[in-house]
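*Asks:* Sharing input-v1.txt (compact mmCIF, C-alpha atoms) below.
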```txt
# COMPACT_ATOMS: atom_id res chain seq x y z
CA MET M 1 48.02 -7.81 23.59
CA SER M 2 48.48 -11.52 23.95
CA GLU M 3 50.77 -13.23 21.48
CA ASN M 4 50.23 -16.94 21.30
CA LYS M 5 48.53 -17.77 24.51
CA ASP M 6 45.23 -17.93 22.67
CA ILE M 7 46.25 -20.95 20.70
CA GLU M 8 45.09 -23.60 23.08
CA GLN M 9 41.49 -22.92 23.80
CA HIS M 10 40.82 -23.19 27.46
CA PRO M 11 38.33 -21.09 29.29
CA GLY M 12 39.92 -18.53 31.49
CA ASP M 13 43.19 -18.20 29.64
CA GLY M 14 42.00 -17.63 26.11
CA HIS M 15 39.95 -14.53 25.99
CA GLU M 16 41.13 -11.04 26.67
CA GLY M 17 37.55 -10.19 27.55
CA GLY M 18 37.67 -12.59 30.45
CA HIS M 19 40.09 -10.31 32.23
CA HIS M 20 37.84 -7.32 31.86
CA HIS M 21 35.17 -6.81 34.40
CA ILE M 22 32.09 -6.03 32.43
CA ASN M 23 28.94 -5.17 34.25
CA TYR M 24 26.73 -7.49 32.23
CA LEU M 25 23.66 -6.72 34.31
CA GLY M 26 24.18 -2.99 33.72
CA ILE M 27 24.47 -3.54 29.96
CA TYR M 28 21.35 -5.68 30.01
CA LEU M 29 19.35 -3.07 31.93
CA ALA M 30 20.54 -0.37 29.52
CA LEU M 31 19.33 -2.55 26.63
CA VAL M 32 15.92 -3.00 28.26
CA VAL M 33 15.54 0.76 28.86
CA LEU M 34 16.52 1.51 25.24
CA PHE M 35 14.04 -1.12 24.10
CA LEU M 36 11.24 0.52 26.11
CA ILE M 37 12.05 3.91 24.57
CA SER M 38 11.93 2.43 21.07
CA VAL M 39 8.48 0.97 21.80
CA ALA M 40 7.26 4.30 23.19
CA GLY M 41 8.71 6.22 20.23
CA PRO M 42 5.77 5.82 17.83
CA GLU M 43 3.33 6.93 20.56
CA VAL M 44 5.33 10.12 21.13
CA GLY M 45 5.71 10.56 17.39
CA GLU M 46 1.95 10.29 16.95
CA LEU M 47 1.13 12.61 19.86
CA THR M 48 3.46 15.31 18.60
CA GLY M 49 2.84 14.62 14.93
CA LEU M 50 6.60 14.39 14.36
CA ARG M 51 7.33 11.25 12.37
CA TRP M 52 11.08 11.72 12.64
CA ILE M 53 10.84 10.96 16.36
CA THR M 54 9.59 7.47 15.49
CA LEU M 55 12.37 6.97 12.96
CA VAL M 56 15.08 8.17 15.35
CA THR M 57 13.81 6.12 18.30
CA ALA M 58 13.38 3.06 16.06
CA PHE M 59 16.58 2.99 14.03
CA GLY M 60 18.83 5.20 16.15
CA ILE M 61 18.16 3.05 19.19
CA ALA M 62 18.52 -0.16 17.16
CA ILE M 63 22.05 0.91 16.20
CA VAL M 64 22.93 1.82 19.80
CA LYS M 65 21.51 -1.47 21.11
CA ALA M 66 23.28 -3.52 18.45
CA ASN M 67 26.55 -1.78 19.26
CA LEU M 68 26.14 -2.45 23.00
CA VAL M 69 25.56 -6.15 22.30
CA ILE M 70 28.38 -6.46 19.77
CA GLN M 71 30.99 -4.66 21.89
CA ASN M 72 30.12 -6.01 25.34
CA PHE M 73 28.36 -9.35 24.87
CA MET M 74 30.25 -10.46 21.77
CA HIS M 75 33.42 -8.81 23.11
CA LEU M 76 34.32 -7.29 19.78
CA LYS M 77 36.06 -4.39 21.51
CA TRP M 78 38.70 -6.80 22.83
CA GLU M 79 38.99 -8.72 19.62
CA LYS M 80 42.08 -8.39 17.43
CA ARG M 81 42.04 -5.70 14.77
CA LEU M 82 42.08 -8.35 12.03
CA MET M 83 38.63 -9.48 13.10
CA LYS M 84 37.24 -5.96 13.03
CA TRP M 85 38.57 -5.46 9.51
CA MET M 86 37.04 -8.72 8.42
CA LEU M 87 33.60 -7.64 9.66
CA ALA M 88 34.04 -4.12 8.32
CA THR M 89 34.81 -5.54 4.86
CA SER M 90 31.64 -7.54 4.89
CA LEU M 91 29.59 -4.55 6.10
CA ILE M 92 31.10 -2.27 3.46
CA LEU M 93 30.40 -4.78 0.67
CA MET M 94 26.81 -5.09 1.89
CA PHE M 95 26.33 -1.31 1.90
CA LEU M 96 27.94 -1.04 -1.55
CA MET M 97 25.49 -3.58 -2.91
CA VAL M 98 22.48 -1.84 -1.40
CA ALA M 99 23.67 1.58 -2.52
CA GLY M 100 24.25 0.30 -6.04
CA ILE M 101 20.77 -1.19 -6.35
CA SER M 102 18.89 1.54 -4.51
CA PRO M 103 18.39 4.03 -7.39
CA ASP M 104 16.64 1.35 -9.44
CA VAL M 105 14.48 0.08 -6.59
CA MET M 106 13.56 3.29 -4.81
CA ASN M 107 12.71 5.21 -8.00
CA HIS M 108 10.06 3.99 -10.36
CA GLU M 109 11.28 5.91 -13.38
CA GLY M 110 14.47 7.36 -14.79
CA ASN M 111 15.59 9.11 -17.95
CA ASN M 112 15.13 6.12 -20.19
CA TRP M 113 13.08 3.70 -18.19
CA GLU M 114 9.89 3.26 -16.25
CA ASN M 115 8.90 0.54 -13.80
CA ILE M 116 5.28 0.13 -14.84
CA ALA M 117 4.48 -2.77 -12.53
CA ALA M 118 5.80 -0.90 -9.48
CA LYS M 119 3.87 2.23 -10.39
CA ALA M 120 0.71 0.21 -10.93
CA ALA M 121 1.23 -1.46 -7.54
CA VAL M 122 1.57 1.89 -5.80
CA GLU M 123 -1.53 3.21 -7.55
CA ARG M 124 -3.57 0.11 -6.74
CA GLY M 125 -2.46 0.23 -3.14
CA VAL M 126 -3.21 3.90 -2.67
CA GLU M 127 -6.63 3.44 -4.29
CA ALA M 128 -7.39 0.50 -2.03
CA GLU M 129 -6.36 2.57 0.97
CA VAL M 130 -8.75 5.37 0.01
CA GLU M 131 -11.57 2.90 -0.47
CA GLU M 132 -10.76 1.17 2.78
CA ALA M 133 -11.09 4.49 4.56
CA GLU M 134 -14.60 5.11 3.22
CA PRO M 135 -17.48 3.48 5.04
CA VAL M 136 -18.59 0.28 3.33
CA GLU M 137 -22.26 1.40 3.32
CA VAL M 138 -21.49 4.17 0.85
CA VAL M 139 -20.14 1.65 -1.63
CA ALA M 140 -23.11 -0.63 -1.04
CA VAL M 141 -25.71 2.08 -1.53
CA GLY M 142 -24.02 3.69 -4.50
CA PHE M 143 -23.20 0.45 -6.29
CA SER M 144 -24.10 -0.19 -9.87
CA ALA M 145 -22.31 -2.70 -12.06
CA GLU M 146 -21.93 -0.12 -14.79
CA GLY M 147 -20.59 2.53 -12.41
CA ALA M 148 -18.13 0.11 -10.87
CA TYR M 149 -17.00 -1.10 -14.28
CA ARG M 150 -16.49 2.48 -15.51
CA SER M 151 -14.57 3.66 -12.44
CA ILE M 152 -12.45 0.57 -11.77
CA CYS M 153 -12.30 -1.90 -14.66
CA ALA M 154 -12.46 0.52 -17.58
CA THR M 155 -9.16 2.19 -16.67
CA CYS M 156 -7.43 -0.92 -18.04
CA HIS M 157 -10.08 -2.94 -19.89
CA GLY M 158 -11.60 0.08 -21.68
CA ALA M 159 -15.13 1.48 -21.51
CA GLU M 160 -16.20 -0.90 -24.32
CA GLY M 161 -14.35 -3.89 -22.84
CA MET M 162 -11.83 -4.00 -25.64
CA GLY M 163 -8.79 -4.03 -23.34
CA ASP M 164 -7.80 -0.54 -24.51
CA GLY M 165 -8.12 1.48 -21.29
CA PRO M 166 -5.54 4.26 -20.80
CA ALA M 167 -3.87 2.64 -17.77
CA GLY M 168 -3.66 -0.71 -19.55
CA ALA M 169 -1.75 0.48 -22.60
CA ALA M 170 1.65 -0.34 -21.17
CA LEU M 171 0.80 -3.49 -19.24
CA VAL M 172 2.41 -6.81 -20.06
CA PRO M 173 0.46 -9.01 -20.59
CA PRO M 174 -2.12 -6.55 -21.94
CA PRO M 175 -5.54 -6.34 -20.25
CA ALA M 176 -8.09 -8.87 -21.54
CA ASN M 177 -10.26 -7.87 -24.48
CA PHE M 178 -13.77 -9.01 -23.53
CA THR M 179 -15.03 -8.59 -27.10
CA ASP M 180 -12.55 -11.14 -28.43
CA PRO M 181 -14.17 -14.55 -29.12
CA ALA M 182 -10.79 -16.20 -28.42
CA PHE M 183 -10.92 -14.81 -24.88
CA TRP M 184 -14.21 -16.57 -24.21
CA ALA M 185 -13.09 -19.86 -25.78
CA ASP M 186 -11.88 -21.20 -22.44
CA ARG M 187 -13.71 -19.00 -19.93
CA ASP M 188 -17.08 -19.25 -18.25
CA ARG M 189 -18.96 -17.16 -15.73
CA ASP M 190 -17.54 -19.06 -12.75
CA ARG M 191 -14.06 -18.13 -13.81
CA ILE M 192 -14.97 -14.46 -14.22
CA VAL M 193 -16.43 -14.46 -10.72
CA ALA M 194 -13.32 -16.18 -9.36
CA VAL M 195 -11.00 -13.63 -11.00
CA LEU M 196 -13.06 -10.66 -9.77
CA GLU M 197 -13.12 -12.15 -6.32
CA ASN M 198 -9.52 -13.34 -5.94
CA GLY M 199 -7.52 -11.81 -8.78
CA ALA M 200 -6.39 -13.44 -12.01
CA ALA M 201 -3.32 -14.94 -10.35
CA SER M 202 -5.66 -17.18 -8.36
CA VAL M 203 -6.61 -19.04 -11.55
CA GLY M 204 -3.14 -18.92 -13.08
CA GLY M 205 -3.55 -15.59 -14.87
CA SER M 206 -1.64 -12.32 -14.66
CA SER M 207 -1.08 -10.86 -11.19
CA LEU M 208 -1.76 -7.42 -12.69
CA MET M 209 -5.47 -8.24 -12.48
CA ALA M 210 -6.06 -7.55 -8.81
CA ALA M 211 -8.59 -9.12 -6.45
CA TYR M 212 -11.75 -7.14 -5.69
CA GLY M 213 -13.40 -9.56 -3.28
CA GLY M 214 -12.53 -7.22 -0.42
CA LEU M 215 -14.13 -4.24 -2.13
CA TYR M 216 -17.44 -5.68 -3.26
CA THR M 217 -19.98 -8.05 -1.77
CA ASP M 218 -20.70 -11.40 -3.41
CA ASP M 219 -23.89 -10.00 -4.97
CA GLN M 220 -22.03 -7.03 -6.39
CA ILE M 221 -19.30 -9.29 -7.80
CA SER M 222 -22.04 -11.35 -9.39
CA GLU M 223 -23.60 -8.26 -11.02
CA LEU M 224 -20.18 -7.15 -12.20
CA ALA M 225 -19.57 -10.60 -13.72
CA ASP M 226 -22.86 -10.28 -15.64
CA TYR M 227 -21.76 -6.89 -16.88
CA VAL M 228 -18.44 -8.30 -18.12
CA MET M 229 -20.19 -11.33 -19.69
CA ALA M 230 -22.34 -8.92 -21.70
CA PHE M 231 -19.27 -7.83 -23.69
CA ALA M 232 -18.91 -11.34 -25.13
CA PRO M 233 -19.65 -11.38 -28.85
CA GLY M 234 -22.88 -13.25 -29.66
CA GLU M 235 -22.56 -16.51 -31.55
CA MET Q 236 40.26 -36.93 26.12
CA ALA Q 237 40.60 -40.20 24.31
CA HIS Q 238 41.64 -38.90 20.92
CA ALA Q 239 43.90 -36.13 19.73
CA LYS Q 240 42.36 -32.89 18.56
CA PRO Q 241 42.47 -32.11 14.86
CA LEU Q 242 45.45 -29.96 14.02
CA ALA Q 243 43.32 -27.08 12.75
CA THR Q 244 41.84 -26.46 16.17
CA LEU Q 245 45.28 -26.17 17.73
CA ARG Q 246 47.13 -23.96 15.35
CA SER Q 247 46.59 -20.29 14.89
CA ALA Q 248 48.30 -18.00 12.43
CA THR Q 249 46.25 -15.02 13.51
CA GLY Q 250 46.58 -15.35 17.26
CA ILE Q 251 42.81 -15.78 17.41
CA PRO Q 252 41.54 -19.17 18.56
CA THR Q 253 40.40 -21.11 15.50
CA GLY Q 254 36.88 -21.71 16.76
CA ARG Q 255 36.29 -18.07 17.50
CA LEU Q 256 37.76 -17.03 14.16
CA ALA Q 257 35.42 -19.49 12.46
CA VAL Q 258 32.34 -18.18 14.25
CA TRP Q 259 33.18 -14.60 13.32
CA TRP Q 260 33.83 -15.75 9.78
CA VAL Q 261 30.33 -17.26 9.65
CA LEU Q 262 28.90 -14.05 11.06
CA ALA Q 263 30.73 -11.94 8.47
CA SER Q 264 28.89 -13.89 5.78
CA GLU Q 265 25.63 -13.62 7.71
CA VAL Q 266 26.04 -9.85 7.69
CA VAL Q 267 25.79 -9.94 3.90
CA ILE Q 268 22.87 -12.39 3.92
CA PHE Q 269 20.71 -10.48 6.41
CA GLY Q 270 22.05 -7.10 5.33
CA GLY Q 271 21.11 -7.80 1.73
CA LEU Q 272 17.65 -8.99 2.71
CA LEU Q 273 16.88 -6.14 5.11
CA GLY Q 274 18.45 -3.61 2.73
CA SER Q 275 16.20 -4.86 -0.08
CA TYR Q 276 13.18 -4.61 2.19
CA LEU Q 277 14.07 -1.07 3.21
CA MET Q 278 14.55 0.07 -0.40
CA HIS Q 279 11.24 -1.42 -1.49
CA ARG Q 280 9.46 -0.03 1.56
CA ILE Q 281 10.69 3.47 0.69
CA GLY Q 282 9.58 3.02 -2.93
CA HIS Q 283 6.14 1.72 -1.95
CA PRO Q 284 4.24 4.06 0.36
CA GLU Q 285 1.18 1.82 0.01
CA TRP Q 286 2.91 -0.89 2.07
CA ALA Q 287 2.07 1.18 5.12
CA ALA Q 288 -1.48 -0.21 4.91
CA ALA Q 289 -0.22 -3.83 5.04
CA ALA Q 290 2.48 -3.08 7.61
CA ALA Q 291 -0.11 -1.51 9.91
CA HIS Q 292 -1.40 -5.05 10.52
CA THR Q 293 1.75 -6.38 12.23
CA GLN Q 294 1.21 -6.67 15.96
CA THR Q 295 3.66 -4.38 17.71
CA TRP Q 296 3.20 -5.76 21.21
CA ILE Q 297 3.98 -9.33 20.07
CA GLY Q 298 7.16 -8.11 18.39
CA ALA Q 299 7.98 -6.16 21.54
CA VAL Q 300 7.56 -9.17 23.82
CA ASN Q 301 9.77 -11.23 21.52
CA THR Q 302 12.41 -8.48 21.50
CA PHE Q 303 12.46 -8.59 25.28
CA VAL Q 304 12.70 -12.40 25.26
CA LEU Q 305 15.71 -12.34 22.91
CA LEU Q 306 17.47 -9.55 24.82
CA THR Q 307 17.06 -11.55 28.01
CA SER Q 308 18.31 -14.76 26.36
CA SER Q 309 21.38 -12.84 25.20
CA PHE Q 310 21.96 -11.84 28.80
CA THR Q 311 21.79 -15.44 30.03
CA ALA Q 312 24.10 -16.47 27.16
CA VAL Q 313 26.75 -13.97 28.22
CA LEU Q 314 26.39 -15.07 31.85
CA ALA Q 315 26.95 -18.66 30.68
CA HIS Q 316 30.15 -17.50 29.02
CA GLN Q 317 31.22 -15.82 32.24
CA ALA Q 318 30.56 -19.04 34.18
CA ALA Q 319 32.56 -21.03 31.62
CA GLU Q 320 35.46 -18.57 31.95
CA ARG Q 321 35.49 -19.37 35.65
CA GLY Q 322 35.52 -23.08 34.84
CA ASN Q 323 32.03 -23.64 36.23
CA GLY Q 324 30.60 -25.94 33.57
CA LYS Q 325 27.46 -26.85 35.50
CA GLU Q 326 26.51 -23.23 35.97
CA ALA Q 327 27.27 -22.53 32.31
CA ALA Q 328 25.07 -25.43 31.24
CA LYS Q 329 22.25 -24.18 33.45
CA LEU Q 330 22.46 -20.70 31.95
CA LEU Q 331 22.59 -22.14 28.43
CA GLY Q 332 19.46 -24.08 29.34
CA LEU Q 333 17.76 -20.79 30.22
CA THR Q 334 18.90 -19.38 26.88
CA ILE Q 335 17.35 -22.37 25.09
CA LEU Q 336 14.18 -21.69 27.05
CA GLY Q 337 14.30 -18.15 25.67
CA ALA Q 338 14.67 -19.53 22.14
CA LEU Q 339 11.67 -21.80 22.64
CA THR Q 340 9.58 -18.97 24.09
CA PHE Q 341 10.46 -16.82 21.10
CA LEU Q 342 9.44 -19.57 18.68
CA VAL Q 343 6.16 -20.36 20.47
CA ILE Q 344 5.17 -16.67 20.44
CA LYS Q 345 6.16 -16.40 16.79
CA SER Q 346 4.11 -19.43 15.80
CA PHE Q 347 1.00 -17.99 17.48
CA GLU Q 348 1.66 -14.66 15.80
CA TRP Q 349 2.01 -16.24 12.36
CA ALA Q 350 -0.97 -18.56 12.82
CA ASN Q 351 -3.10 -15.54 13.67
CA GLU Q 352 -1.87 -13.58 10.67
CA ILE Q 353 -2.24 -16.48 8.24
CA SER Q 354 -5.79 -17.11 9.49
CA HIS Q 355 -6.58 -13.48 8.58
CA GLY Q 356 -5.34 -14.05 5.04
CA TYR Q 357 -1.97 -12.35 5.48
CA THR Q 358 0.03 -15.15 3.86
CA ILE Q 359 3.47 -15.06 2.26
CA THR Q 360 1.81 -14.57 -1.16
CA ALA Q 361 -0.69 -11.89 -0.05
CA ASN Q 362 1.56 -9.10 -1.33
CA THR Q 363 5.21 -8.13 -1.44
CA PHE Q 364 5.19 -6.68 2.06
CA TRP Q 365 4.06 -9.98 3.56
CA SER Q 366 6.55 -11.86 1.36
CA PHE Q 367 9.37 -9.83 2.89
CA TYR Q 368 7.83 -10.17 6.35
CA TYR Q 369 7.76 -13.96 6.30
CA THR Q 370 11.09 -14.34 4.48
CA ALA Q 371 13.03 -12.07 6.85
CA ALA Q 372 11.40 -13.25 10.08
CA GLY Q 373 11.46 -16.86 8.81
CA LEU Q 374 15.17 -16.81 8.00
CA HIS Q 375 15.76 -15.32 11.43
CA ALA Q 376 13.59 -18.00 13.08
CA LEU Q 377 15.64 -20.71 11.31
CA HIS Q 378 18.73 -19.19 12.95
CA VAL Q 379 16.97 -19.29 16.31
CA ILE Q 380 16.15 -22.98 15.81
CA ALA Q 381 19.71 -23.83 14.71
CA GLY Q 382 21.17 -21.87 17.63
CA GLY Q 383 18.89 -23.61 20.13
CA ILE Q 384 19.86 -27.07 18.87
CA ILE Q 385 23.62 -26.38 18.86
CA MET Q 386 23.31 -24.81 22.31
CA GLY Q 387 21.81 -28.08 23.54
CA PHE Q 388 24.94 -29.99 22.49
CA VAL Q 389 27.25 -27.37 23.98
CA ALA Q 390 25.32 -27.39 27.27
CA PHE Q 391 25.47 -31.20 27.37
CA ASP Q 392 29.27 -31.09 27.16
CA ALA Q 393 29.63 -28.08 29.44
CA TYR Q 394 27.66 -29.80 32.18
CA ARG Q 395 30.35 -32.52 32.18
CA GLY Q 396 33.08 -29.88 32.17
CA ARG Q 397 34.07 -30.56 28.56
CA GLU Q 398 34.81 -28.09 25.75
CA LEU Q 399 33.95 -25.09 27.86
CA HIS Q 400 35.35 -22.68 25.23
CA ARG Q 401 32.38 -23.59 23.04
CA VAL Q 402 30.07 -21.80 25.47
CA GLU Q 403 31.59 -18.54 24.29
CA LEU Q 404 31.38 -19.55 20.63
CA ILE Q 405 27.68 -20.39 20.67
CA GLY Q 406 27.17 -17.23 22.71
CA ILE Q 407 28.75 -15.04 20.01
CA TYR Q 408 26.45 -16.63 17.44
CA TRP Q 409 23.44 -16.17 19.71
CA HIS Q 410 24.16 -12.49 20.25
CA PHE Q 411 24.28 -12.06 16.49
CA VAL Q 412 20.80 -13.62 16.21
CA ASP Q 413 19.72 -11.08 18.83
CA VAL Q 414 21.33 -8.22 16.85
CA VAL Q 415 19.48 -9.24 13.67
CA TRP Q 416 16.20 -9.11 15.60
CA ILE Q 417 17.16 -5.72 17.04
CA PHE Q 418 17.00 -4.45 13.44
CA LEU Q 419 14.01 -6.53 12.35
CA PHE Q 420 11.91 -5.20 15.22
CA PRO Q 421 11.91 -1.51 14.15
CA LEU Q 422 11.69 -2.45 10.46
CA LEU Q 423 8.63 -4.68 10.76
CA TYR Q 424 6.90 -3.45 13.92
CA ILE Q 425 7.88 0.09 14.91
CA ALA Q 426 8.71 2.40 12.01
CA LYS Q 427 6.31 0.75 9.62
```
Transcribe the structure of this file into structure tokens.
*Replies:*
Amino acid sequence: MSENKDIEQHPGDGHEGGHHHINYLGIYLALVVLFLISVAGPEVGELTGLRWITLVTAFGIAIVKANLVIQNFMHLKWEKRLMKWMLATSLILMFLMVAGISPDVMNHEGNNWENIAAKAAVERGVEAEVEEAEPVEVVAVGFSAEGAYRSICATCHGAEGMGDGPAGAALVPPPANFTDPAFWADRDRDRIVAVLENGAASVGGSSLMAAYGGLYTDDQISELADYVMAFAPGE
Amino acid sequence: MAHAKPLATLRSATGIPTGRLAVWWVLASEVVIFGGLLGSYLMHRIGHPEWAAAAAHTQTWIGAVNTFVLLTSSFTAVLAHQAAERGNGKEAAKLLGLTILGALTFLVIKSFEWANEISHGYTITANTFWSFYYTAAGLHALHVIAGGIIMGFVAFDAYRGRELHRVELIGIYWHFVDVVWIFLFPLLYIAK
């Protein structure tokens, strides 16, 4: 290995890699072929019904491609060992961090804890997926404000609108109680429509109240708003 | 050259040219930045099966074209380095110019892709998947922009036969930007 000839940086005399004859075109073509396989992977995975094929062609090939680039284009294989250790340290620290956090992020409950928001997000998402899969006409024909309230809203806001639905018990902030006069002190019908349509976060409220504009038509949202308004205590 | 070089660029305790050591040092910290971000995305993605519905909306073929563009720009960057090694600054500058063209192509495609997605309501606040999508691809795009600009300066000098060793340095950085995309592509477009 070179001792001190690297000190003055001139092209041609500095880099060990310069004395190696690398077939850059060959490496590039190999990268392109690997890239094409990784794009084709999901198709094959879908045809054969084997999801692991997609995962292997996606991430396995990414690692091979990255290694080709790092070794041959970045010339890491001719770099001094010190440099490799420096990069390895940084990689190891990164993996340590991810590994340390992963149990808390990938699980949504443990012995003494529960990630309610994450669970709710999964549930909401899976529900939305099921509804997305159903033809819209079915929802339109079968719609009634009461039915929609019972099946969707009541799980958190309670069948009587008191904010005491089973799924809402653990939410922070708690679901709104529509029978509470204080709730109606600063709310009108337009706001209820806006929240149903775009979620409470759209008017500065809790993001736990999701948007339903994609699920219902404007008319249905309007009916639902009337239904919710009916819980308001009379003056 | 009219003025003396700063001492730090001339001395080397490690036997590695200072510039190259510095670039690798930057990249070692980038590993943690991008690794942390992509690792967080991966962990959340595994914990949230419902993200599949959102992820299904990313446009694979656009990501694929951009992967090809970056791979090709990496190729021209390494050819520029080869030209610089041979002392051919003009050729190196020309090849760096092609690499900058690759960077611009990548950014133009990305801006059309994002404009299309945003117009469909898939914004950075739509849900956590899209937040990760725009943060990861956005941070990467910032690196593409920075790389393109620096490459312009290096090419300007190289064309006049000056500071040819910098062609290699910007190349190492550029390949890293390519490597990050090599991982972003399967994460956001393929195995979604």
*Asks:* When you count all atoms listed in the file, which of these residues is closest to Thr217 in chain M: M:Leu36, M:Leu82, M:Ala145, M:Ala182?
*Replies:*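 Looking only at the distances to Thr217 in chain M, the closest residue turns out to be M:Ala145.
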*Asks:* Please identify every residue of chain Q that has at least one atom no more than 6 Å from any atom of chain M, counting only C-alpha atoms, and report them as a ChimeraX atom specification.
*Replies:* /Q:245,247,250,252,263,267,278,282-283,285,313,320,400,407,414,417-418,421,426
*Asks:* Using all atoms listed in the file, list the residues that have an atom at most 12 Å from (14.6, -21.6, 22.8), coordinates as in the file, as number ranges by chain.
*Replies:* Q: 301, 304-305, 307-309, 311-312, 331-345, 376-387, 409
*Asks:* Kindly compute an axis-aligned box around the listed atoms of range 315-325 of chain Q, allowing 8 Å on each side, and express its centre and edge lengths in Å to one decimal as lines of an AutoDock Vina configuration file.
*Replies:*
```
center_x = 31.2
center_y = -21.3
center_z = 32.6
size_x = 24.6
size_y = 27.0
size_z = 23.2
```
*Asks:* When you draw a straight line from CA of Ala328 in chain Q to CA of Tyr394 in chain Q, how long is it in Å?
*Replies:*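 Atom-to-atom, CA of Ala328 in chain Q and CA of Tyr394 in chain Q are spaced 5.2 Å apart.
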*Asks:* What's around Ala290 in chain Q at 10 Å? Count only C-alpha atoms, leave out sequence neighbours fewer than 2 positions away in its own chain, and write the answer as a ChimeraX atom specification.
*Replies:* /Q:280,285-288,292-294,364-365,368,422-427
*Asks:* Interatomic distance between CA of Ala393 in chain Q and CA of Ala315 in chain Q?
*Replies:*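 Value for the CA of Ala393 in chain Q-CA of Ala315 in chain Q distance: 9.9 Å.
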